[in-house]
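Engineer: Sharing query.txt (compact mmCIF, C-alpha atoms) below.
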# COMPACT_ATOMS: atom_id res chain seq x y z
CA MET A 1 0.00 0.00 0.00
CA LYS A 2 2.84 2.38 0.87
CA LYS A 3 4.66 1.59 -2.39
CA LYS A 4 1.50 2.25 -4.37
CA THR A 5 0.96 5.55 -2.57
CA LEU A 6 4.58 6.60 -3.27
CA LYS A 7 4.25 5.72 -6.94
CA THR A 8 1.03 7.72 -7.12
CA MET A 9 2.70 10.75 -5.55
CA VAL A 10 5.67 10.54 -7.91
CA ALA A 11 3.36 10.28 -10.89
CA ALA A 12 1.32 13.24 -9.68
CA ALA A 13 4.46 15.31 -9.19
CA ALA A 14 5.58 14.47 -12.72
CA VAL A 15 2.22 15.57 -14.09
CA LEU A 16 2.43 18.85 -12.17
CA SER A 17 6.00 19.41 -13.39
CA SER A 18 4.97 18.77 -16.98
CA ALA A 19 2.02 21.08 -16.58
CA ALA A 20 4.27 23.83 -15.24
CA ILE A 21 6.62 23.43 -18.22
CA ALA A 22 3.68 23.46 -20.60
CA GLN A 23 2.37 26.63 -19.03
CA ALA A 24 5.69 28.51 -19.38
CA ALA A 25 5.15 31.45 -21.69
CA THR A 26 7.14 34.11 -23.49
CA VAL A 27 6.84 37.56 -21.93
CA ASP A 28 7.58 40.50 -24.21
CA ILE A 29 8.71 43.82 -22.71
CA ASN A 30 9.03 46.56 -25.33
CA ILE A 31 10.75 49.81 -24.30
CA TYR A 32 10.44 52.70 -26.73
CA GLY A 33 11.56 56.32 -26.94
CA ALA A 34 14.77 57.90 -25.68
CA SER A 35 18.13 57.10 -27.25
CA ALA A 36 19.75 57.18 -23.81
CA GLN A 37 17.41 54.42 -22.63
CA TYR A 38 18.39 52.36 -25.67
CA LEU A 39 22.07 52.66 -24.80
CA PHE A 40 21.38 51.72 -21.16
CA TRP A 41 19.35 48.58 -21.81
CA ASN A 42 21.53 47.48 -24.70
CA THR A 43 24.15 47.01 -21.99
CA ALA A 44 22.06 46.23 -18.91
CA ALA A 45 19.41 43.81 -20.23
CA SER A 46 21.74 40.79 -20.23
CA ASN A 47 22.81 41.50 -16.64
CA PHE A 48 19.18 41.89 -15.58
CA LEU A 49 18.11 38.57 -17.11
CA THR A 50 21.13 36.82 -15.59
CA ALA A 51 20.17 38.18 -12.16
CA LYS A 52 16.66 36.78 -12.66
CA GLY A 53 17.88 33.24 -13.33
CA CYS A 54 17.39 33.19 -17.08
CA THR A 55 19.41 30.82 -19.25
CA SER A 56 20.55 30.92 -22.89
CA ILE A 57 20.75 34.73 -22.85
CA THR A 58 21.37 36.24 -26.29
CA LYS A 59 21.28 39.77 -27.66
CA ALA A 60 21.51 41.61 -30.97
CA GLU A 61 20.98 45.06 -32.47
CA ASP A 62 20.10 46.15 -35.97
CA SER A 63 22.58 47.77 -38.35
CA SER A 64 21.28 51.29 -37.60
CA LYS A 65 22.06 50.85 -33.87
CA LYS A 66 18.54 52.04 -33.08
CA HIS A 67 16.77 48.73 -32.41
CA GLY A 68 18.07 46.16 -29.93
CA ILE A 69 16.78 42.95 -28.38
CA THR A 70 17.86 40.65 -25.55
CA SER A 71 16.20 37.35 -24.69
CA GLY A 72 16.48 34.78 -21.89
CA LYS A 73 15.02 31.32 -21.47
CA ALA A 74 13.35 29.61 -18.50
CA CYS A 75 13.77 32.54 -16.11
CA SER A 76 13.43 31.15 -12.59
CA GLY A 77 12.79 34.65 -11.25
CA PHE A 78 9.69 34.88 -13.46
CA GLY A 79 8.06 31.50 -12.95
CA GLY A 80 10.11 29.76 -15.63
CA ASN A 81 8.85 32.04 -18.38
CA ASP A 82 11.03 33.12 -21.29
CA VAL A 83 11.55 36.90 -21.43
CA ILE A 84 12.25 39.09 -24.44
CA ILE A 85 13.27 42.71 -23.88
CA ARG A 86 13.19 45.00 -26.90
CA TYR A 87 14.45 48.59 -26.80
CA SER A 88 14.29 51.10 -29.62
CA SER A 89 15.64 54.62 -30.00
CA LYS A 90 13.34 57.13 -31.66
CA ALA A 91 12.70 60.29 -29.64
CA SER A 92 11.59 60.86 -26.07
CA TYR A 93 8.19 62.30 -26.93
CA GLU A 94 7.30 58.97 -28.51
CA SER A 95 7.25 57.53 -24.98
CA VAL A 96 3.91 59.17 -24.24
CA ARG A 97 2.52 59.01 -27.76
CA SER A 98 3.10 55.27 -28.14
CA LEU A 99 1.44 54.48 -24.80
CA LYS A 100 -1.56 56.74 -25.35
CA GLY A 101 -1.98 55.76 -29.00
CA THR A 102 -2.18 59.35 -30.18
CA THR A 103 -0.18 58.76 -33.37
CA ASN A 104 0.72 55.80 -35.58
CA PRO A 105 3.92 56.80 -37.44
CA ASP A 106 4.86 53.24 -38.44
CA GLY A 107 1.49 52.29 -39.95
CA CYS A 108 1.05 49.39 -37.51
CA PRO A 109 -2.28 47.57 -36.95
CA ASN A 110 -2.94 49.88 -33.99
CA ALA A 111 -1.49 53.10 -32.58
CA TYR A 112 -0.11 51.39 -29.47
CA GLN A 113 2.47 49.58 -31.60
CA ARG A 114 5.80 50.61 -33.09
CA LYS A 115 8.29 48.79 -35.32
CA MET A 116 11.02 47.11 -33.31
CA ALA A 117 13.54 44.29 -33.75
CA ASP A 118 11.64 41.12 -34.58
CA SER A 119 14.02 38.62 -32.96
CA VAL A 120 17.62 38.04 -31.87
CA THR A 121 18.21 36.11 -35.07
CA ALA A 122 16.64 38.81 -37.24
CA PRO A 123 17.29 42.21 -35.58
CA ASN A 124 17.20 44.01 -38.94
CA THR A 125 13.67 42.76 -39.53
CA LEU A 126 11.36 45.26 -37.87
CA THR A 127 7.86 44.17 -36.92
CA CYS A 128 5.06 45.94 -35.09
CA GLN A 129 5.23 45.39 -31.33
CA THR A 130 2.95 46.67 -28.56
CA ILE A 131 4.81 49.14 -26.35
CA THR A 132 5.10 48.25 -22.68
CA LEU A 133 7.23 51.12 -21.34
CA GLY A 134 7.89 54.54 -22.81
CA ALA A 135 11.27 56.05 -21.96
CA SER A 136 11.87 59.79 -21.95
CA ASP A 137 14.78 61.99 -20.91
CA VAL A 138 12.32 64.61 -19.63
CA SER A 139 8.70 64.78 -18.52
CA GLY A 140 6.06 64.89 -21.23
CA GLU A 141 5.20 68.49 -20.33
CA ALA A 142 8.75 69.63 -21.21
CA PHE A 143 8.27 69.10 -24.95
CA VAL A 144 7.59 72.69 -25.96
CA GLN A 145 10.21 73.08 -28.70
CA GLU A 146 9.89 73.29 -32.47
CA SER A 147 12.13 72.35 -35.40
CA HIS A 148 11.90 72.65 -39.16
CA GLY A 149 14.38 70.95 -41.46
CA GLN A 150 15.59 67.72 -43.04
CA LYS A 151 14.98 64.54 -41.04
CA PHE A 152 18.67 63.60 -41.01
CA GLY A 153 20.25 67.04 -41.29
CA PRO A 154 22.99 67.12 -43.93
CA LEU A 155 22.06 63.58 -44.98
CA GLY A 156 18.57 64.65 -46.06
CA GLY A 157 15.66 62.29 -45.52
CA GLY A 158 12.81 64.72 -46.23
CA LEU A 159 11.45 67.79 -44.50
CA VAL A 160 10.20 67.53 -40.92
CA ASP A 161 8.13 70.20 -39.18
CA ASN A 162 7.69 69.59 -35.45
CA VAL A 163 5.85 72.13 -33.32
CA LEU A 164 5.23 70.85 -29.80
CA THR A 165 3.17 72.27 -26.98
CA GLY A 166 3.77 69.52 -24.41
CA GLU A 167 2.82 65.85 -24.24
CA ASN A 168 -0.06 65.08 -21.88
CA ALA A 169 1.07 62.15 -19.72
CA SER A 170 -2.01 62.17 -17.45
CA GLY A 171 -3.32 58.69 -16.76
CA LEU A 172 0.09 57.08 -17.16
CA THR A 173 2.14 55.65 -14.31
CA SER A 174 5.61 57.21 -14.13
CA TYR A 175 8.91 56.07 -12.65
CA ASN A 176 12.18 57.99 -12.20
CA PRO A 177 14.88 55.35 -11.76
CA LEU A 178 17.86 57.04 -13.42
CA VAL A 179 19.58 60.35 -14.07
CA VAL A 180 20.75 60.96 -17.64
CA PRO A 181 23.92 63.03 -18.25
CA PHE A 182 24.52 64.90 -21.49
CA GLY A 183 27.59 66.43 -23.06
CA PHE A 184 28.99 68.26 -26.05
CA PHE A 185 30.92 66.83 -29.00
CA VAL A 186 32.99 68.62 -31.65
CA ASN A 187 34.55 67.79 -34.97
CA ASN A 188 38.31 67.46 -34.63
CA ALA A 189 38.66 70.43 -37.00
CA VAL A 190 37.34 72.83 -34.34
CA THR A 191 40.71 74.09 -33.11
CA ALA A 192 42.21 76.92 -31.07
CA LYS A 193 45.56 77.92 -29.58
CA LYS A 194 46.29 77.63 -25.87
CA CYS A 195 49.18 78.53 -23.62
CA THR A 196 51.44 75.57 -22.82
CA THR A 197 52.87 74.65 -19.44
CA ALA A 198 55.78 76.97 -20.24
CA ALA A 199 53.38 79.83 -19.53
CA GLY A 200 53.15 78.97 -15.83
CA ALA A 201 49.98 80.41 -14.31
CA MET A 202 48.57 81.16 -17.78
CA SER A 203 48.83 77.52 -18.84
CA GLY A 204 45.63 76.38 -20.55
CA GLU A 205 44.37 79.87 -21.38
CA TYR A 206 43.59 80.80 -24.98
CA CYS A 207 46.29 82.69 -26.84
CA ALA A 208 47.03 84.25 -30.21
CA SER A 209 50.76 84.71 -29.61
CA ASP A 210 53.49 84.05 -27.04
CA ALA A 211 52.87 87.54 -25.65
CA ASP A 212 49.41 86.40 -24.44
CA CYS A 213 51.14 83.71 -22.37
CA GLY A 214 53.74 85.96 -20.77
CA GLY A 215 56.24 86.15 -23.61
CA THR A 216 58.19 82.91 -23.18
CA ALA A 217 59.15 81.63 -26.63
CA GLY A 218 56.90 78.77 -27.72
CA SER A 219 54.48 79.23 -24.81
CA CYS A 220 51.54 79.73 -27.17
CA GLY A 221 51.05 76.26 -28.58
CA ALA A 222 49.90 75.18 -32.03
CA ALA A 223 46.18 75.06 -32.72
CA SER A 224 44.56 71.81 -31.53
CA THR A 225 41.02 70.49 -31.10
CA ILE A 226 39.23 72.39 -28.34
CA ASP A 227 38.58 70.55 -25.08
CA ASN A 228 35.91 72.72 -23.43
CA ILE A 229 33.00 75.03 -24.14
CA THR A 230 31.27 77.41 -21.76
CA ARG A 231 27.58 78.03 -21.26
CA LEU A 232 27.86 81.39 -23.04
CA GLN A 233 29.43 79.69 -26.04
CA ALA A 234 26.79 76.95 -26.03
CA VAL A 235 23.95 79.49 -25.87
CA SER A 236 25.46 81.49 -28.72
CA ILE A 237 25.96 78.40 -30.90
CA PHE A 238 22.68 76.54 -30.39
CA SER A 239 20.52 79.64 -30.56
CA GLY A 240 22.02 80.13 -34.03
CA THR A 241 23.36 83.61 -33.28
CA ILE A 242 27.08 83.07 -34.01
CA ALA A 243 28.47 82.41 -37.47
CA ASP A 244 32.21 81.75 -37.14
CA TRP A 245 34.42 80.17 -34.49
CA SER A 246 36.75 83.17 -34.66
CA ASP A 247 33.89 85.28 -33.25
CA PHE A 248 34.93 83.73 -29.91
CA GLY A 249 38.41 85.22 -30.38
CA GLY A 250 41.28 85.23 -32.85
CA TYR A 251 42.85 82.24 -31.11
CA PHE A 252 40.11 80.05 -32.66
CA THR A 253 40.78 78.80 -36.19
CA ALA A 254 38.45 80.82 -38.42
CA GLN A 255 35.73 78.62 -39.98
CA PRO A 256 31.92 78.57 -40.06
CA VAL A 257 30.13 77.18 -37.01
CA VAL A 258 27.99 74.16 -37.90
CA ALA A 259 25.45 73.53 -35.13
CA CYS A 260 24.06 69.98 -35.10
CA LEU A 261 20.79 69.80 -33.13
CA ARG A 262 18.10 67.20 -32.48
CA HIS A 263 14.58 67.65 -33.82
CA ALA A 264 11.91 68.82 -31.40
CA GLY A 265 10.54 65.80 -29.56
CA SER A 266 13.98 64.71 -28.49
CA GLY A 267 14.50 64.62 -24.74
CA THR A 268 18.11 65.61 -25.38
CA ALA A 269 16.90 68.74 -27.17
CA ALA A 270 14.50 69.55 -24.33
CA ALA A 271 17.34 69.01 -21.85
CA LEU A 272 19.55 71.43 -23.78
CA ASP A 273 16.69 73.92 -23.96
CA PHE A 274 15.98 73.97 -20.21
CA SER A 275 19.38 73.14 -18.72
CA VAL A 276 21.63 75.22 -20.97
CA VAL A 277 20.19 77.53 -23.63
CA ARG A 278 17.03 78.76 -21.95
CA GLY A 279 18.53 78.01 -18.56
CA ASN A 280 16.87 79.53 -15.52
CA GLY A 281 15.36 82.42 -17.43
CA TRP A 282 18.34 84.49 -18.56
CA GLY A 283 19.52 82.51 -21.56
CA SER A 284 18.14 82.49 -25.09
CA GLY A 285 15.97 80.35 -27.33
CA LEU A 286 16.95 77.27 -29.32
CA ALA A 287 17.31 77.66 -33.07
CA SER A 288 14.19 76.25 -34.69
CA PHE A 289 14.79 76.56 -38.46
CA GLU A 290 17.37 74.75 -40.56
CA ASN A 291 20.07 76.94 -42.07
CA PRO A 292 22.01 74.68 -44.46
CA GLY A 293 25.69 74.60 -43.61
CA ALA A 294 25.09 76.37 -40.31
CA VAL A 295 22.14 74.77 -38.43
CA TRP A 296 21.01 71.17 -38.95
CA PHE A 297 18.37 69.09 -37.15
CA ASN A 298 18.69 65.33 -36.76
CA GLU A 299 16.23 62.62 -35.75
CA GLY A 300 18.39 60.57 -33.37
CA SER A 301 21.63 60.85 -31.41
CA THR A 302 23.36 58.56 -33.89
CA ASP A 303 22.27 60.89 -36.70
CA LEU A 304 23.50 63.94 -34.77
CA ILE A 305 26.94 62.39 -34.22
CA LYS A 306 27.13 61.76 -37.97
CA CYS A 307 26.37 65.44 -38.48
CA VAL A 308 29.21 66.42 -36.13
CA ASN A 309 31.46 63.95 -37.96
CA GLY A 310 30.83 65.89 -41.19
CA ASN A 311 28.72 63.24 -42.92
CA SER A 312 26.65 64.58 -45.80
CA THR A 313 25.24 63.39 -49.09
CA ALA A 314 28.45 64.67 -50.73
CA THR A 315 30.82 63.19 -48.10
CA PRO A 316 28.96 60.24 -46.52
CA SER A 317 31.94 59.11 -44.43
CA GLY A 318 32.62 62.51 -42.86
CA SER A 319 34.86 65.52 -43.29
CA ALA A 320 36.74 68.19 -41.34
CA ILE A 321 34.26 70.98 -40.58
CA GLY A 322 33.48 73.35 -37.71
CA ALA A 323 30.70 71.16 -36.35
CA ILE A 324 29.48 70.81 -32.78
CA GLY A 325 26.56 68.94 -31.22
CA TYR A 326 25.25 67.37 -28.02
CA ALA A 327 24.19 63.89 -26.98
CA ASP A 328 24.20 61.42 -24.09
CA ALA A 329 27.50 61.94 -22.30
CA ASP A 330 28.54 58.31 -22.72
CA GLN A 331 28.43 58.28 -26.52
CA THR A 332 31.32 56.28 -27.98
CA VAL A 333 33.19 58.54 -30.39
CA GLY A 334 36.62 58.83 -31.96
CA ALA A 335 36.80 55.22 -33.16
CA ALA A 336 36.73 54.04 -36.75
CA GLY A 337 33.31 54.41 -38.34
CA THR A 338 30.88 57.31 -38.45
CA SER A 339 32.40 59.10 -35.46
CA GLN A 340 36.11 59.00 -36.27
CA ASN A 341 36.28 62.83 -36.54
CA VAL A 342 34.44 63.46 -33.26
CA LYS A 343 35.74 64.32 -29.78
CA ALA A 344 33.88 64.76 -26.47
CA VAL A 345 34.59 68.11 -24.80
CA LYS A 346 34.09 69.41 -21.29
CA TYR A 347 31.28 71.81 -20.40
CA ASN A 348 32.25 74.63 -18.05
CA GLY A 349 35.47 72.75 -17.34
CA HIS A 350 34.03 69.31 -16.53
CA PHE A 351 32.75 66.17 -18.20
CA GLY A 352 29.26 64.91 -17.29
CA THR A 353 30.47 62.04 -15.14
CA ARG A 354 28.47 60.26 -12.46
CA TYR A 355 30.51 61.85 -9.68
CA SER A 356 30.15 65.34 -11.16
CA ILE A 357 26.39 65.22 -11.60
CA ARG A 358 25.53 63.71 -8.23
CA ASN A 359 27.86 66.03 -6.29
CA GLY A 360 26.73 69.33 -7.81
CA VAL A 361 29.66 70.00 -10.15
CA TYR A 362 27.84 69.54 -13.49
CA ASP A 363 24.31 70.66 -14.34
CA PHE A 364 23.60 69.39 -17.89
CA TRP A 365 21.48 66.38 -16.90
CA THR A 366 17.88 65.32 -16.50
CA THR A 367 15.88 62.89 -14.42
CA GLN A 368 14.67 60.06 -16.61
CA TRP A 369 10.95 59.39 -16.94
CA VAL A 370 9.69 55.87 -17.63
CA TYR A 371 5.98 55.77 -18.43
CA GLU A 372 3.57 52.86 -18.31
CA ASP A 373 -0.11 52.37 -19.03
CA ALA A 374 -0.61 50.03 -16.07
CA ALA A 375 -4.09 49.05 -17.21
CA ARG A 376 -2.63 47.52 -20.37
CA THR A 377 0.19 45.64 -18.65
CA SER A 378 -0.60 41.92 -18.51
CA LEU A 379 -0.36 39.74 -15.39
CA ALA A 380 2.70 38.02 -16.88
CA GLN A 381 4.37 41.35 -17.65
CA ARG A 382 3.69 42.87 -14.21
CA PRO A 383 6.52 41.20 -12.27
CA VAL A 384 9.00 41.82 -15.09
CA VAL A 385 8.13 45.53 -15.29
CA ASP A 386 8.39 45.92 -11.51
CA ALA A 387 11.72 44.10 -11.49
CA LEU A 388 13.08 46.19 -14.38
CA VAL A 389 12.29 49.45 -12.58
CA ALA A 390 13.72 48.20 -9.28
CA TYR A 391 16.85 46.92 -11.02
CA ALA A 392 17.48 50.22 -12.81
CA SER A 393 16.95 52.14 -9.55
CA SER A 394 19.79 50.42 -7.68
CA PRO A 395 23.25 52.06 -7.85
CA ALA A 396 24.82 48.60 -7.75
CA ASN A 397 23.15 47.64 -11.03
CA VAL A 398 24.45 50.41 -13.27
CA PRO A 399 26.44 48.45 -15.88
CA ALA A 400 30.21 48.75 -15.61
CA THR A 401 30.37 50.33 -19.07
CA LYS A 402 27.87 53.00 -17.97
CA ALA A 403 28.97 53.48 -14.36
CA LYS A 404 31.33 56.34 -15.22
CA TYR A 405 28.39 58.50 -16.36
CA TRP A 406 24.97 57.21 -15.35
CA ALA A 407 23.58 57.71 -11.85
CA THR A 408 20.46 56.50 -10.11
CA LYS A 409 18.02 59.02 -8.72
CA ASP A 410 18.46 57.87 -5.12
CA GLU A 411 22.23 58.54 -5.09
CA MET A 412 21.88 62.16 -6.24
CA LYS A 413 22.86 64.72 -3.58
CA PHE A 414 21.79 67.54 -5.93
CA PHE A 415 18.39 67.22 -7.56
CA LYS A 416 15.71 69.09 -9.49
CA GLY A 417 12.02 68.30 -9.43
CA SER A 418 11.35 69.49 -12.98
CA GLU A 419 13.24 70.58 -16.08
CA ALA A 420 12.53 74.24 -15.31
CA GLU A 421 14.20 74.06 -11.88
CA TYR A 422 17.89 74.55 -11.20
CA PRO A 423 19.54 71.71 -9.22
CA TYR A 424 19.59 72.17 -5.46
CA LEU A 425 21.13 70.30 -2.52
CA LEU A 426 18.64 67.68 -1.40
CA GLY A 427 20.71 64.91 0.15
CA ALA A 428 20.94 61.40 -1.24
CA ILE A 429 18.42 58.73 -0.26
CA ASN A 430 21.04 56.08 -1.01
CA PRO A 431 24.41 57.86 -0.56
CA GLN A 432 27.38 56.70 -2.58
CA LEU A 433 31.06 57.59 -2.36
CA PRO A 434 32.66 59.75 -3.51
Could you show the structure in this file as structure tokens?

Structural biologist:
Amino acid sequence: MKKKTLKTMVAAAAVLSSAAIAQAATVDINIYGASAQYLFWNTAASNFLTAKGCTSITKAEDSSKKHGITSGKACSGFGGNDVIIRYSSKASYESVRSLKGTTNPDGCPNAYQRKMADSVTAPNTLTCQTITLGASDVSGEAFVQESHGQKFGPLGGGLVDNVLTGENASGLTSYNPLVVPFGFFVNNAVTAKKCTTAAGAMSGEYCASDADCGGTAGSCGAASTIDNITRLQAVSIFSGTIADWSDFGGYFTAQPVVACLRHAGSGTAAALDFSVVRGNGWGSGLASFENPGAVWFNEGSTDLIKCVNGNSTATPSGSAIGAIGYADADQTVGAAGTSQNVKAVKYNGHFGTRYSIRNGVYDFWTTQWVYEDAARTSLAQRPVVDALVAYASSPANVPATKAKYWATKDEMKFFKGSEAEYPYLLGAINPQLP
């Protein structure tokens, strides 16, 4: 009798185990919007799935570097389900629009879908996917910019006219797990002369001759790519009010300024508008109309870096021009490819590193907004969404390749509650050193 009972129990357990395997499903999480979010999850998604007990983790991105996908099998942290995380870079304002179904730019079966990487094996095949989370560098209400010009700046793509009066995010659940740093990038041809160490106390100052450095022979060095811009210079450039680099002084190599901007709807553009150009009320206004050869607008950060690199329909692989732009501070530039002519420069004497932004040294950053229509999140998606937000909120989980720049909201000693505020000392909820 005991043997029969044991056999029955074993058989029942096997049936339950088989049933559990049969019930395992594939959970799709589709994150759409900001280019910065794309860069983050393209690095962090594998670590996240590993932490949740997934196996056979694979990832891929399409050739444009705008659509990525990471998948994991039999994730013990999610009831044995397979999980697919897609992340696409478009523009931050698409975060709200895709979740509220207010537009359908990709011609998908419904307005809650956007074209994203189909699978790890076919990342260049884009299929319509329902958006789970919308990622934005700023709040929806901060999209009050306008832009008129070619879709891809000097590479053409057709005229785009964006006039925004704010994106209504009411009814959506919002999260603020991360802080996004931005920075400036110049073409290597943007050069100026500076005093060398032979100038003593004047070392590093701009110069036109040795006399500007104290007179020591050779103390005014040869022109080299600039390594810093100030807020005044940034305001002058991106408002479109300065024409030539030599207008900043004869120590700059004379050549036309080429300002590479993002189209309105970009969170990066809104960040520049509020944090730098418009500032706290005593700045200027962003340029809003294309001026070929002087002001270009670009759809994504990748497109903007190509603009800075000097890419155009005439010179598709880049050229030496007086170009400058802005993007996520952790953009990889200077390597072979479309960014070989590009260099990151300091802003007001500092790079937008994690230490600088959280300790009140650098102010060109925003608090990230992740939006969700909770009513449309399925029961299977719920634990994955919650885990994604919690994972991104922990300082310990910032990927090693991003840890130099990205910060989590809770580690910030200086903070701002909205884009229109200037950062103030708040005190970190989860202090980190230094």

Engineer: Which neighbours of A:Thr401 fall inside 9 Å, counting only C-alpha atoms, when residues of the same chain fewer than 3 positions from it are skipped, and could you give them as a list in words?

Structural biologist: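 What passes the distance filter is Thr43, Asp330, Val398, Lys404 and Tyr405 of chain A.
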
Engineer: Calculated over all atoms listed in the file, which of the candidates A:Val180, A:Thr230, A:Glu372, A:Asn311 has the smallest distance to A:Asp386?

Structural biologist: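 Smallest distance to A:Asp386 is found for A:Glu372.
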
Engineer: Would you pick out the contacts of A:Leu425 at 12 Å or less, using only C-alpha atoms, so that residues sharing its chain but fewer than 4 positions from it are not included, and give the list as a list in words?

Structural biologist: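 Answer for this query is Ile357, Arg358, Asn359, Gly360, Val361, Met412, Lys413, Phe414, Phe415, Lys416 and Gly417 of chain A.
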
Engineer: Find the residues around A:Ile31 up to 9 Å (only C-alpha atoms counted), leave out those fewer than 3 positions away in its own chain, and share them as JSON, numbers by chain.

Structural biologist: {"A": [37, 38, 85, 86, 87, 88, 89, 95, 131, 132, 133, 134, 135]}

Engineer: Skip A:Ala314 itself and residues of its chain fewer than 5 positions away, then list as a list in words all residues within 10 Å of it, counting all atoms listed in the file.

Structural biologist: Pro154, Leu155 and Ser319 of chain A

Engineer: What is the atom CA of A:Val257-atom CA of A:Ile229 distance in Å, reported with one decimal?

Structural biologist: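 So the answer is 13.4 Å.
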
Engineer: Extract, using all atoms listed in the file, all DNA, RNA and protein residues at most 12 Å from A:Ala269, discarding same-chain residues fewer than 5 positions from it, and format them as a ChimeraX atom specification.

Structural biologist: /A:34-35,91-93,136-138,142-147,182-183,238-239,260-264,274-278,285-288,297-301,304,325-328,364-366,419

Engineer: Between A:Asn188, A:Thr253, A:Ser266, A:Asn228, which is the closest to A:Gly352 once you count all atoms listed in the file?

Structural biologist: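 Of the candidates, the smallest distance to A:Gly352 is held by A:Asn228.
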
Engineer: Using all atoms listed in the file, which of the listed residues (A:Val342, A:Ala44, A:Ala270, A:Ala329) sits closest to A:Tyr391?

Structural biologist: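 The answer is A:Ala44, which sits nearest to A:Tyr391.
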
Engineer: What is the atom CA of A:Gly140 to atom CA of A:Glu167 distance in Å?

Structural biologist: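 We find that atom CA of A:Gly140 and atom CA of A:Glu167 lie 4.5 Å from each other.
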
Engineer: Since the input is missing atoms for stretch 312-328 of chain A, could you rebuild it with N, CA and C atoms and give the result as a CSV table (one decimal), in the frame of the given file?

Structural biologist:
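Output saved as selection-v4.csv:
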chain,number,residue,atom,x,y,z
A,312,SER,N,27.6,63.9,-45.0
A,312,SER,CA,26.6,64.6,-45.8
A,312,SER,C,26.4,63.7,-47.0
A,313,THR,N,25.5,64.1,-47.9
A,313,THR,CA,25.2,63.4,-49.1
A,313,THR,C,26.5,63.5,-50.0
A,314,ALA,N,27.2,64.5,-49.9
A,314,ALA,CA,28.4,64.7,-50.7
A,314,ALA,C,29.6,63.9,-50.1
A,315,THR,N,29.7,63.9,-48.8
A,315,THR,CA,30.8,63.2,-48.1
A,315,THR,C,30.2,62.3,-47.0
A,316,PRO,N,29.7,61.1,-47.5
A,316,PRO,CA,29.0,60.2,-46.5
A,316,PRO,C,29.8,59.7,-45.4
A,317,SER,N,31.1,59.7,-45.5
A,317,SER,CA,31.9,59.1,-44.4
A,317,SER,C,32.6,60.2,-43.6
A,318,GLY,N,32.2,61.4,-43.7
A,318,GLY,CA,32.6,62.5,-42.9
A,318,GLY,C,33.7,63.4,-43.5
A,319,SER,N,33.9,64.6,-42.8
A,319,SER,CA,34.9,65.5,-43.3
A,319,SER,C,35.2,66.5,-42.2
A,320,ALA,N,36.3,67.2,-42.3
A,320,ALA,CA,36.7,68.2,-41.3
A,320,ALA,C,36.0,69.5,-41.5
A,321,ILE,N,35.1,69.8,-40.6
A,321,ILE,CA,34.3,71.0,-40.6
A,321,ILE,C,34.1,71.5,-39.2
A,322,GLY,N,33.6,72.7,-39.0
A,322,GLY,CA,33.5,73.4,-37.7
A,322,GLY,C,32.2,73.0,-37.0
A,323,ALA,N,32.0,71.7,-36.9
A,323,ALA,CA,30.7,71.2,-36.4
A,323,ALA,C,30.8,70.9,-34.9
A,324,ILE,N,29.6,71.1,-34.2
A,324,ILE,CA,29.5,70.8,-32.8
A,324,ILE,C,28.0,70.4,-32.5
A,325,GLY,N,27.9,69.4,-31.6
A,325,GLY,CA,26.6,68.9,-31.2
A,325,GLY,C,26.5,68.5,-29.8
A,326,TYR,N,25.5,67.8,-29.4
A,326,TYR,CA,25.2,67.4,-28.0
A,326,TYR,C,24.5,66.0,-28.0
A,327,ALA,N,24.8,65.2,-27.0
A,327,ALA,CA,24.2,63.9,-27.0
A,327,ALA,C,24.4,63.3,-25.6
A,328,ASP,N,23.9,62.1,-25.4
A,328,ASP,CA,24.2,61.4,-24.1
A,328,ASP,C,25.7,61.4,-23.8
